[in-house]
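Enquirer: Structure file final-v1.cif (mmCIF, C-alpha atoms) is given on the next line.
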data_structure
#
loop_
_atom_site.group_PDB
_atom_site.id
_atom_site.type_symbol
_atom_site.label_atom_id
_atom_site.label_comp_id
_atom_site.auth_asym_id
_atom_site.auth_seq_id
_atom_site.Cartn_x
_atom_site.Cartn_y
_atom_site.Cartn_z
ATOM 1 C CA MET A 27 202.512 -39.793 -58.029
ATOM 2 C CA THR A 28 198.990 -39.437 -59.432
ATOM 3 C CA GLU A 29 197.665 -35.983 -60.196
ATOM 4 C CA TYR A 30 193.934 -35.273 -60.290
ATOM 5 C CA PRO A 31 192.078 -32.241 -61.675
ATOM 6 C CA PRO A 32 190.179 -29.922 -59.308
ATOM 7 C CA GLU A 33 186.905 -31.530 -60.424
ATOM 8 C CA VAL A 34 188.090 -34.702 -58.687
ATOM 9 C CA THR A 35 189.796 -33.230 -55.622
ATOM 10 C CA GLN A 36 186.985 -30.809 -54.779
ATOM 11 C CA ARG A 37 183.503 -31.812 -53.675
ATOM 12 C CA PHE A 38 180.730 -30.646 -55.998
ATOM 13 C CA HIS A 39 177.943 -28.589 -54.415
ATOM 14 C CA GLY A 40 174.702 -28.054 -56.300
ATOM 15 C CA THR A 41 172.665 -24.937 -55.628
ATOM 16 C CA PRO A 42 169.359 -25.244 -53.737
ATOM 17 C CA GLU A 43 167.593 -24.341 -56.982
ATOM 18 C CA GLN A 44 169.362 -27.139 -58.838
ATOM 19 C CA MET A 45 168.677 -29.671 -56.111
ATOM 20 C CA ALA A 46 164.984 -28.756 -56.119
ATOM 21 C CA THR A 47 164.667 -29.723 -59.781
ATOM 22 C CA ALA A 48 166.531 -33.049 -59.570
ATOM 23 C CA LEU A 49 163.775 -35.405 -58.405
ATOM 24 C CA VAL A 50 161.836 -37.152 -61.157
ATOM 25 C CA GLY A 51 158.678 -38.971 -60.104
ATOM 26 C CA GLU A 52 158.177 -40.655 -56.735
ATOM 27 C CA PRO A 53 161.173 -40.940 -54.400
ATOM 28 C CA PRO A 54 162.135 -44.502 -53.438
ATOM 29 C CA ARG A 55 160.481 -45.812 -50.286
ATOM 30 C CA ARG A 56 163.913 -46.678 -48.891
ATOM 31 C CA TRP A 57 164.620 -42.955 -48.599
ATOM 32 C CA GLU A 58 162.063 -42.821 -45.787
ATOM 33 C CA SER A 59 164.368 -44.585 -43.305
ATOM 34 C CA ILE A 60 168.056 -45.382 -42.955
ATOM 35 C CA VAL A 61 168.948 -48.972 -42.076
ATOM 36 C CA ILE A 62 172.627 -49.887 -41.671
ATOM 37 C CA GLU A 63 173.459 -53.596 -41.823
ATOM 38 C CA ASP A 64 176.629 -55.594 -41.307
ATOM 39 C CA TYR A 65 178.515 -56.396 -44.492
ATOM 40 C CA ASP A 66 176.967 -59.209 -46.510
ATOM 41 C CA PRO A 67 179.039 -61.058 -49.156
ATOM 42 C CA VAL A 68 175.812 -61.479 -51.128
ATOM 43 C CA TRP A 69 176.102 -57.808 -52.088
ATOM 44 C CA ALA A 70 178.958 -58.615 -54.459
ATOM 45 C CA ASP A 71 176.832 -61.323 -56.077
ATOM 46 C CA ARG A 72 173.932 -58.910 -56.497
ATOM 47 C CA PHE A 73 176.226 -56.447 -58.243
ATOM 48 C CA ALA A 74 177.578 -59.156 -60.531
ATOM 49 C CA ALA A 75 174.049 -60.184 -61.535
ATOM 50 C CA ALA A 76 172.988 -56.577 -62.159
ATOM 51 C CA SER A 77 176.147 -55.869 -64.163
ATOM 52 C CA SER A 78 175.565 -58.921 -66.337
ATOM 53 C CA SER A 79 171.991 -57.806 -67.065
ATOM 54 C CA LEU A 80 173.163 -54.302 -67.957
ATOM 55 C CA HIS A 81 175.728 -55.657 -70.399
ATOM 56 C CA ASP A 82 173.090 -57.927 -71.935
ATOM 57 C CA VAL A 83 170.694 -55.071 -72.732
ATOM 58 C CA LEU A 84 173.036 -52.115 -73.355
ATOM 59 C CA GLY A 85 175.923 -53.933 -75.003
ATOM 60 C CA ASP A 86 178.458 -51.658 -76.700
ATOM 61 C CA LEU A 87 176.817 -48.553 -75.259
ATOM 62 C CA ILE A 88 178.570 -49.363 -71.985
ATOM 63 C CA ILE A 89 182.048 -47.975 -71.376
ATOM 64 C CA ASP A 90 182.344 -49.247 -67.813
ATOM 65 C CA VAL A 91 180.285 -50.648 -64.942
ATOM 66 C CA GLU A 92 181.637 -50.364 -61.393
ATOM 67 C CA HIS A 93 180.386 -51.486 -57.995
ATOM 68 C CA VAL A 94 180.800 -48.422 -55.764
ATOM 69 C CA GLY A 95 179.477 -47.189 -52.455
ATOM 70 C CA SER A 96 179.659 -48.963 -49.123
ATOM 71 C CA THR A 97 178.334 -52.309 -50.343
ATOM 72 C CA SER A 98 181.420 -52.567 -52.563
ATOM 73 C CA VAL A 99 183.793 -52.584 -49.560
ATOM 74 C CA PRO A 100 184.191 -55.995 -47.877
ATOM 75 C CA GLY A 101 183.695 -55.697 -44.128
ATOM 76 C CA LEU A 102 181.964 -52.317 -44.253
ATOM 77 C CA ALA A 103 178.508 -51.906 -42.743
ATOM 78 C CA ALA A 104 176.087 -50.323 -45.208
ATOM 79 C CA LYS A 105 172.568 -49.709 -46.308
ATOM 80 C CA PRO A 106 171.645 -52.878 -48.235
ATOM 81 C CA VAL A 107 171.361 -50.948 -51.497
ATOM 82 C CA ILE A 108 173.820 -51.637 -54.309
ATOM 83 C CA ASP A 109 175.337 -48.522 -55.885
ATOM 84 C CA ILE A 110 176.478 -48.958 -59.481
ATOM 85 C CA ASP A 111 178.296 -46.448 -61.666
ATOM 86 C CA LEU A 112 177.413 -46.967 -65.326
ATOM 87 C CA LEU A 113 179.559 -44.979 -67.767
ATOM 88 C CA ILE A 114 178.365 -44.267 -71.291
ATOM 89 C CA ALA A 115 179.551 -41.768 -73.899
ATOM 90 C CA ASP A 116 176.806 -39.204 -73.232
ATOM 91 C CA THR A 117 173.840 -39.142 -70.852
ATOM 92 C CA ALA A 118 172.031 -36.209 -72.470
ATOM 93 C CA ASP A 119 170.189 -38.336 -75.062
ATOM 94 C CA GLU A 120 168.080 -40.375 -72.661
ATOM 95 C CA SER A 121 166.266 -42.103 -75.510
ATOM 96 C CA ARG A 122 169.401 -44.193 -76.101
ATOM 97 C CA TYR A 123 169.333 -45.894 -72.708
ATOM 98 C CA ILE A 124 166.369 -44.969 -70.451
ATOM 99 C CA PRO A 125 163.686 -46.979 -72.357
ATOM 100 C CA THR A 126 165.989 -50.010 -72.397
ATOM 101 C CA LEU A 127 166.628 -49.733 -68.677
ATOM 102 C CA GLU A 128 162.920 -49.286 -68.027
ATOM 103 C CA ARG A 129 162.251 -52.583 -69.789
ATOM 104 C CA LEU A 130 164.775 -54.130 -67.412
ATOM 105 C CA GLY A 131 162.720 -52.835 -64.460
ATOM 106 C CA TYR A 132 164.518 -49.588 -63.646
ATOM 107 C CA ARG A 133 162.875 -46.191 -63.322
ATOM 108 C CA LEU A 134 164.419 -42.747 -63.471
ATOM 109 C CA VAL A 135 164.556 -40.999 -60.088
ATOM 110 C CA LEU A 136 167.107 -38.185 -60.448
ATOM 111 C CA ARG A 137 168.041 -36.076 -63.454
ATOM 112 C CA GLU A 138 170.999 -33.788 -62.695
ATOM 113 C CA PRO A 139 172.495 -32.421 -65.936
ATOM 114 C CA TRP A 140 174.277 -29.743 -63.905
ATOM 115 C CA TRP A 141 176.165 -32.458 -61.963
ATOM 116 C CA HIS A 142 178.304 -33.773 -64.801
ATOM 117 C CA GLY A 143 175.231 -35.163 -66.583
ATOM 118 C CA HIS A 144 174.264 -37.515 -63.744
ATOM 119 C CA ARG A 145 171.118 -39.631 -63.940
ATOM 120 C CA MET A 146 170.026 -42.075 -61.244
ATOM 121 C CA LEU A 147 167.609 -44.953 -61.650
ATOM 122 C CA VAL A 148 166.367 -47.548 -59.172
ATOM 123 C CA ASN A 149 165.279 -51.088 -59.903
ATOM 124 C CA SER A 150 161.802 -52.403 -59.118
ATOM 125 C CA ALA A 151 162.888 -53.687 -55.687
ATOM 126 C CA GLU A 152 164.547 -50.321 -54.980
ATOM 127 C CA ASP A 153 167.674 -52.095 -53.744
ATOM 128 C CA ILE A 154 169.910 -50.910 -56.612
ATOM 129 C CA ASN A 155 170.876 -47.299 -57.272
ATOM 130 C CA LEU A 156 172.086 -47.110 -60.869
ATOM 131 C CA HIS A 157 174.126 -43.953 -61.443
ATOM 132 C CA VAL A 158 174.587 -43.145 -65.132
ATOM 133 C CA TRP A 159 177.490 -40.843 -66.024
ATOM 134 C CA PRO A 160 179.129 -39.596 -69.210
ATOM 135 C CA GLN A 161 182.592 -40.985 -69.815
ATOM 136 C CA ALA A 162 184.542 -37.906 -68.679
ATOM 137 C CA ALA A 163 182.600 -37.264 -65.454
ATOM 138 C CA PRO A 164 184.919 -36.828 -62.436
ATOM 139 C CA GLU A 165 182.532 -38.160 -59.793
ATOM 140 C CA PRO A 166 183.003 -41.854 -60.691
ATOM 141 C CA VAL A 167 186.748 -41.303 -60.191
ATOM 142 C CA ARG A 168 186.014 -40.046 -56.677
ATOM 143 C CA HIS A 169 183.795 -43.068 -56.046
ATOM 144 C CA ARG A 170 186.550 -45.489 -57.058
ATOM 145 C CA LEU A 171 189.192 -43.668 -55.013
ATOM 146 C CA PHE A 172 186.975 -43.741 -51.912
ATOM 147 C CA ARG A 173 186.063 -47.416 -52.418
ATOM 148 C CA ASP A 174 189.645 -48.532 -52.961
ATOM 149 C CA TRP A 175 190.932 -46.537 -49.999
ATOM 150 C CA LEU A 176 188.382 -48.060 -47.620
ATOM 151 C CA ARG A 177 189.148 -51.534 -48.943
ATOM 152 C CA SER A 178 192.797 -51.132 -47.929
ATOM 153 C CA HIS A 179 192.604 -48.858 -44.843
ATOM 154 C CA SER A 180 190.855 -50.573 -41.965
ATOM 155 C CA GLU A 181 190.953 -47.590 -39.584
ATOM 156 C CA ASP A 182 189.034 -45.358 -41.980
ATOM 157 C CA ARG A 183 186.718 -48.246 -42.829
ATOM 158 C CA GLU A 184 185.832 -48.621 -39.153
ATOM 159 C CA LEU A 185 185.557 -44.845 -38.716
ATOM 160 C CA TYR A 186 183.139 -44.615 -41.619
ATOM 161 C CA ALA A 187 181.077 -47.565 -40.383
ATOM 162 C CA SER A 188 180.737 -46.207 -36.850
ATOM 163 C CA THR A 189 179.908 -42.737 -38.174
ATOM 164 C CA LYS A 190 177.168 -44.109 -40.410
ATOM 165 C CA ARG A 191 175.610 -46.094 -37.575
ATOM 166 C CA ARG A 192 175.639 -43.033 -35.312
ATOM 167 C CA LEU A 193 174.188 -40.735 -37.961
ATOM 168 C CA ALA A 194 171.469 -43.256 -38.843
ATOM 169 C CA ARG A 195 170.359 -43.039 -35.213
ATOM 170 C CA ASP A 196 170.765 -39.259 -35.011
ATOM 171 C CA THR A 197 168.756 -38.607 -38.197
ATOM 172 C CA ALA A 198 166.079 -41.263 -37.589
ATOM 173 C CA HIS A 199 163.357 -38.609 -37.505
ATOM 174 C CA HIS A 200 164.815 -36.728 -40.493
ATOM 175 C CA PRO A 201 166.370 -39.392 -42.758
ATOM 176 C CA SER A 202 166.792 -36.870 -45.571
ATOM 177 C CA ASP A 203 169.559 -35.301 -43.439
ATOM 178 C CA TYR A 204 171.623 -38.501 -43.363
ATOM 179 C CA SER A 205 173.614 -38.044 -46.577
ATOM 180 C CA LEU A 206 174.603 -34.449 -45.831
ATOM 181 C CA ALA A 207 175.504 -35.399 -42.262
ATOM 182 C CA LYS A 208 178.193 -37.749 -43.612
ATOM 183 C CA ASN A 209 180.027 -34.962 -45.424
ATOM 184 C CA ASP A 210 182.491 -34.125 -42.637
ATOM 185 C CA VAL A 211 183.837 -37.658 -42.290
ATOM 186 C CA ILE A 212 183.858 -38.191 -46.067
ATOM 187 C CA ASP A 213 185.803 -34.964 -46.581
ATOM 188 C CA ALA A 214 188.282 -35.983 -43.879
ATOM 189 C CA ILE A 215 188.867 -39.349 -45.548
ATOM 190 C CA PHE A 216 189.296 -37.717 -48.950
ATOM 191 C CA ALA A 217 191.845 -35.350 -47.421
ATOM 192 C CA ARG A 218 193.890 -38.405 -46.431
ATOM 193 C CA ILE A 219 193.416 -39.976 -49.866
ATOM 194 C CA PHE A 220 194.680 -36.918 -51.705
ATOM 195 C CA ALA A 221 197.457 -36.297 -49.192
ATOM 196 C CA ALA A 222 198.697 -39.809 -49.948
ATOM 197 C CA THR A 223 198.731 -38.998 -53.690
ATOM 198 C CA GLY A 224 200.321 -35.573 -53.199
ATOM 199 C CA GLU A 225 197.095 -33.658 -53.905
ATOM 200 C CA VAL A 226 195.743 -30.989 -51.539
ATOM 201 C CA PRO A 227 191.957 -30.462 -51.900
ATOM 202 C CA ALA A 228 190.895 -26.821 -51.993
#
Go ahead and express the file in the form of structure tokens.
Expert:
Amino acid sequence: MTEYPPEVTQRFHGTPEQMATALVGEPPRRWESIVIEDYDPVWADRFAAASSSLHDVLGDLIIDVEHVGSTSVPGLAAKPVIDIDLLIADTADESRYIPTLERLGYRLVLREPWWHGHRMLVNSAEDINLHVWPQAAPEPVRHRLFRDWLRSHSEDRELYASTKRRLARDTAHHPSDYSLAKNDVIDAIFARIFAATGEVPA
């Protein structure tokens, strides 16, 4: 039976003050509306191409690259934006990786040192969210657990898909509310994940 630390079993909540400082530069245009599409097998190919490019330019700096988020789950409806977790030893020294990623067409959007050192970049087409984490960050573990659970549990996959479609409609006039509106169903699914592994989230 797998045991996870509290940093993995408990959802992280940033303070309003922290959240207000996170945005760097212009927010992506795709944040202005939420579009949920049926699953497209091309999403896996887009991840593979992006991963290959990252390995080409960052080389040994990379510890791991994972396709996460809804586009990584076959059969799951999603926003057509590829979420990638990129793990490196340390995200604090941005000079080691940000200029290289900028030359590849990415730009820094979020800087959240208080959230396990998280940085997020988007590509020029704004259809890839590149999440950069230090090696020991717990959030990528949560991402993989959620992805793998939805890949193998069709009822929760359908629940999540229907919830996202409903919330996209309900938040159409306030798309910034969409992500927070998903928290209840995400927390419920995580409760089942950790119950299956013997963990009880606080």
Enquirer: Go through A:Ala48, A:Val91, A:Ala103, A:Ala207 one by one, measure the shortest atom-to-atom distance of each to A:Asp64 using all atoms listed in the file, and give the residue with the smallest value.
Expert: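 Distance minimum relative to A:Asp64 lands on A:Ala103.
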Enquirer: I'd like the contact shell of stretch 181-188 of chain A - 9 Å cut-off, only C-alpha atoms, skipping same-chain residues fewer than 3 positions apart - returned as a list in words.
Expert: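 Those residues are Ile62, Ser96, Val99, Gly101, Leu102, Ala103, Ala104, Trp175, Leu176, Arg177, Ser178, Arg191, Arg192, Leu193, Lys208, Val211, Ile212 and Ile215 of chain A.
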Enquirer: Neighbouring residues of A:Leu136 were defined as those with any atom within 9 Å, considering only C-alpha atoms; residues of the same chain fewer than 6 positions away were excluded. Please report them as JSON, numbers by chain.
Expert: {"A": [47, 48, 49, 50, 51, 53, 144, 145, 146, 147]}
Enquirer: Restrict the calculation to all atoms listed in the file, then for each residue of stretch 76-108 of chain A with any atom at most 9 Å from an atom of stretch 119-130 of chain A give the closest atom pair and their distance in Å to one decimal, rows by chain and rising residue number, as CSV.
Expert:
residue,atom,partner,partner_atom,distance
A:Ser79,CA,A:Leu130,CA,8.1
A:Leu80,CA,A:Leu127,CA,8.0
A:Val83,CA,A:Thr126,CA,6.9
A:Leu84,CA,A:Tyr123,CA,7.3
A:Leu87,CA,A:Tyr123,CA,8.3
Enquirer: Measuring atom to atom with all atoms listed in the file, identify which of A:Val61, A:His93, A:Glu138, A:Phe38 is nearest to A:Ala74.
Expert: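 Counting all atoms listed in the file, the residue closest to A:Ala74 is A:His93.
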Enquirer: At what distance in Å, to one decimal, does atom CA of A:Asn155 lie from atom CA of A:Thr189?
Expert: 21.6 Å
Enquirer: Nearest residue to A:Arg137 out of A:Ser78, A:Met45, A:Glu29, A:Asn149, using all atoms listed in the file?
Expert: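 For A:Arg137, the nearest of the candidates is A:Met45.
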Enquirer: Mind giving me the straight-line distance from atom CA of A:Ser150 to atom CA of A:Gln44 in Å, one decimal?
Expert: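 For atom CA of A:Ser150 relative to atom CA of A:Gln44, the distance reads 26.4 Å.
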